[in-house]
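K.L.:
I have a structure I would like to understand better, so I am pasting it below and will then ask my questions one at a time.
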Amino acid sequence: MEISKMFKRFPTLFPPIFKDCSYRLVTNKLTWVLVAILMLPCALGLLVYYEYSDDRISEEIDGEKIYFTSSGELLHEDLRDIFLDLSQFFGIGFIALLLGIMFSSELISEEYNLKTMQILRTSPIHPIEIFTYRYISGLITGIALLGLYSTIFYIIVMMGSGIHGILEEIGLLALVIKIVILNWIGFLSIFCAINVYFERPYLICFIYWLFWEQIISGQNYQQLTLTHYINSIIYDSLIEMGWIVTADDYGLVNSNNDTIATDPLLSALIIIIIGILFIFIGSRGIASKQF
Amino acid sequence: MNTIHFEQVTKNYGKVQGISNVTLSLEPGVTGILGPNGAGKSTTMKVILGLTRPSIGTVSVNGVNPFDDLELRKNIGFVPEYDCFYEHMSAVEYVSYFLMIHDFNKEESIDMAQNSLRELGLQDSMHRKIRTYSRGMRQKTKVARATAFNPQILVLDEPFQGADPTTRHLLMEKIKSWSDEGKTILISSHILHDVEYLTDNIILINNGRVLASGNRHEIRKLMSNIPIQIKVSPIDKKQLRPLIKRMLDEKWITAGRLLESEGEIILETNESEKFYTKFPQILENEKIIVERIVSDDDTLDSLYSKLVEGKQWK
């Protein structure tokens, strides 16, 4: 089937699958368990707000109310650190990764369990279409969920610094959302492909993440990992935003302590290419899998 | 021209053999494939559908290899034995989705899905979520999905399983009408009676091997020579002894057993056809009214056992 025909069929065939997938993902109990875990830093954010609200000092400059800490530092500069640190474990870190693993299993493995995959394989639909529709559905649902979550979390954490603080650091929220998108483009594609090939996808996805992405991402040949490119983008963006960070903070150094961060645009491109590559690998798996 | 052709096809799943050295040809019309569970019926169907590749041998469906040909799938409708639904979709959404896969536009698909579901008697429930459906309704939905696009080949795996008598009758009539339209239909079952009603062409399969293929009369004839046990329960239990005594006088009864406590006798014969012809006359002459006549052996299992012992027939 030619690619142009697949594009033509997309507007007709994608919406019902998106509806089905998003329904299954949103009604999955595990999604809500992970959402509950994601809400923990929001609760912490509220705690931070009450903590700072007693000690903060406000000053009106050019009609804007600006908040400072008791030691005279800009409050939003303190709060943004909390937001980024917690996001790196929750919204763009480990918990988001668990959500991605769970989504991929629901999108692909569940189709095999429900045996709908067998019916699709007896229908005139190309494996790339089968894989891509589910992948894009997961991508949209995941990005929407984590994008919304990150925004809420950002507002909760930053509200102590007032409207000025929220607007001043809005670039950080944009960065986190950008990372959410790129994270999901890369990782969801890999996880979905793992689900096509393996019978215990949860375990294999986790092993891949732990041994490949975590251990190798600190080594000389870390360019083989997605984490390297994600970290490169975060590092470069923070530098651009005027943060004081080093390449070492993000593990972007080799054994000689040379910075090996990749250009952010190239990083984003590589992540997208990896996403597309795994669409093909996953589709190939669907095509060759026998029942 | 044969629509489906198997040439010495073997399919192994690791060390387990799905089908072994199967050669068969299917032409337009209904062909019944009969066998007990695990006989190889589903594997045969999967090979036709391109869901699995043969380990050895060649398969052609409409002249092409079914595993590689996406175009061929536009001409094959499949009703699986198992459920395969997006449970929260309605039947219309489900059937129309598969029609859209066949390149019908959305409006056409909805229209065709509704017609197909209506024809199968689901007009009142087709907008309800599939998860609320009974077994019979699910069966009809599967059939609607497989047939709404008017495929030339239909592969029906145990289509009557779990269907109530009305659904069963409806499906049988539908299958007959599709056969009259010239479609090639392969239908699997483990009940001879179901298939007998639909077709003369029968393939018997067991342990992955085709034991026999031919018309149903020949298959029935094979069954008539198999020793069978028949349980007879007269209404008046006092007639148990006279009845067994009378029956043992007949040469075609090889053995008899009286089970007084259960109110029945068990008769054994090698000539089942003769039994079913002559026994009613004997009952009439002796003025014996029976409550029931049951034979657990009057099934395909007896035939399989005999054929598996070595006798192949074509």
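A note on labels: chains of the structure tokens are A, B, ... as shown, every chain counts residues from 1, and ligands are counted from 1 in their shown order.
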Could you pull out the alpha helix (DSSP H) residues of segment 108-166 of chain A, going by DSSP on the backbone, and write them as a PyMOL selection string?
P.N.:
chain A and resi 110-113+116-121+127-158+162-166
K.L.:
Might you pull out every residue within 12 Å of Val195 of chain B, with only C-alpha atoms counted and same-chain residues fewer than 3 positions away left off, and present them as a PyMOL selection string?
P.N.:
chain B and resi 30-35+156-160+168+171-172+175-176+185-192+198-204+215-216+219+300
K.L.:
Return as a list in words the residues belonging to chain B that are within 6 Å of chain A, counting only C-alpha atoms.
P.N.:
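Result, ordered by chain then number: Leu51, Thr52, Leu70, Arg73, Lys74 and Cys84 of chain B.
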K.L.:
Grab the residues selected above and save them as a PDB file, in the first residue's frame with N, CA and C atoms.
P.N.:
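Now in part-v3.pdb:
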ATOM      1  N   LEU B  51      -2.946 -15.675   8.509  1.00  0.00           N
ATOM      2  CA  LEU B  51      -2.553 -15.333   9.877  1.00  0.00           C
ATOM      3  C   LEU B  51      -1.311 -16.111  10.299  1.00  0.00           C
ATOM      4  N   THR B  52      -1.044 -17.175   9.574  1.00  0.00           N
ATOM      5  CA  THR B  52       0.157 -17.941   9.859  1.00  0.00           C
ATOM      6  C   THR B  52       0.694 -18.528   8.554  1.00  0.00           C
ATOM      7  N   LEU B  70      -2.247  -8.038   0.637  1.00  0.00           N
ATOM      8  CA  LEU B  70      -3.218  -7.186   1.318  1.00  0.00           C
ATOM      9  C   LEU B  70      -4.519  -7.069   0.513  1.00  0.00           C
ATOM     10  N   ARG B  73      -7.241  -9.661   1.050  1.00  0.00           N
ATOM     11  CA  ARG B  73      -8.056  -9.523   2.267  1.00  0.00           C
ATOM     12  C   ARG B  73      -9.340  -8.748   2.026  1.00  0.00           C
ATOM     13  N   LYS B  74      -9.399  -8.051   0.895  1.00  0.00           N
ATOM     14  CA  LYS B  74     -10.645  -7.350   0.558  1.00  0.00           C
ATOM     15  C   LYS B  74     -11.727  -8.341   0.154  1.00  0.00           C
ATOM     16  N   CYS B  84     -13.933 -10.828  19.541  1.00  0.00           N
ATOM     17  CA  CYS B  84     -12.829  -9.952  19.099  1.00  0.00           C
ATOM     18  C   CYS B  84     -13.398  -8.551  18.903  1.00  0.00           C
TER      19      CYS B  84
END
K.L.:
Using only C-alpha atoms, which protein or nucleic acid residues come within 12 Å of Leu203 of chain A? Drop anything in the same chain fewer than 5 positions from it, and give the result as a ChimeraX atom specification.
P.N.:
/A:98,101-102,105,191,194-195,198,208-211
K.L.:
Write a file of the just-selected residues containing C-alpha atoms, as a PDB file, in the first residue's frame.
P.N.:
ATOM      1  CA  LEU A  98       5.810   4.227  33.816  1.00  0.00           C
ATOM      2  CA  ILE A 101       4.997   1.726  29.491  1.00  0.00           C
ATOM      3  CA  MET A 102       1.434   1.245  30.693  1.00  0.00           C
ATOM      4  CA  SER A 105       0.832  -2.137  26.747  1.00  0.00           C
ATOM      5  CA  PHE A 191       7.753   0.842  24.153  1.00  0.00           C
ATOM      6  CA  ILE A 194       8.674  -3.770  22.465  1.00  0.00           C
ATOM      7  CA  ASN A 195       5.019  -4.684  23.008  1.00  0.00           C
ATOM      8  CA  PHE A 198       7.745  -9.472  23.539  1.00  0.00           C
ATOM      9  CA  TYR A 208      15.463  -1.412  28.563  1.00  0.00           C
ATOM     10  CA  TRP A 209      14.982   1.849  30.432  1.00  0.00           C
ATOM     11  CA  LEU A 210      17.014   0.815  33.445  1.00  0.00           C
ATOM     12  CA  PHE A 211      19.965  -0.833  31.703  1.00  0.00           C
TER      13      PHE A 211
END
K.L.:
Just how far from atom CA of Val61 of chain B is atom CA of Leu211 of chain B, in Å to one decimal?
P.N.:
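Atom-to-atom, atom CA of Leu211 of chain B and atom CA of Val61 of chain B are spaced 22.4 Å apart.
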K.L.:
For the strand (DSSP E) assignment from backbone DSSP, which residues of segment 12-257 of chain A qualify? Please present them as a list of chain:residue names.
P.N.:
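Answer for segment 12-257 of chain A, restricted to strand (DSSP E): A:Ile57, A:Ser58, A:Glu59, A:Glu60, A:Ile61, A:Glu64, A:Lys65, A:Ile66, A:Tyr67, A:Phe68.
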K.L.:
Could you please take those selected residues and save N, CA and C atoms as a CSV table (one decimal), in the first residue's frame?
P.N.:
chain,number,residue,atom,x,y,z
A,57,ILE,N,8.2,38.5,51.0
A,57,ILE,CA,8.1,39.9,51.1
A,57,ILE,C,7.7,40.4,49.7
A,58,SER,N,6.7,41.3,49.7
A,58,SER,CA,6.3,41.8,48.3
A,58,SER,C,6.7,43.2,48.1
A,59,GLU,N,7.0,43.6,46.9
A,59,GLU,CA,7.3,45.0,46.6
A,59,GLU,C,6.7,45.3,45.2
A,60,GLU,N,6.1,46.5,45.1
A,60,GLU,CA,5.5,46.9,43.9
A,60,GLU,C,6.5,47.7,43.0
A,61,ILE,N,6.8,47.1,41.9
A,61,ILE,CA,7.7,47.7,40.9
A,61,ILE,C,7.0,47.9,39.6
A,64,GLU,N,3.8,46.2,39.2
A,64,GLU,CA,3.7,44.8,39.3
A,64,GLU,C,4.1,44.4,40.7
A,65,LYS,N,3.4,43.4,41.3
A,65,LYS,CA,3.7,42.9,42.6
A,65,LYS,C,4.8,41.8,42.5
A,66,ILE,N,6.0,42.1,43.1
A,66,ILE,CA,7.0,41.1,43.0
A,66,ILE,C,7.3,40.6,44.4
A,67,TYR,N,7.5,39.2,44.4
A,67,TYR,CA,7.7,38.6,45.7
A,67,TYR,C,9.2,38.2,45.9
A,68,PHE,N,9.6,38.4,47.1
A,68,PHE,CA,11.0,38.1,47.5
A,68,PHE,C,11.0,37.1,48.7
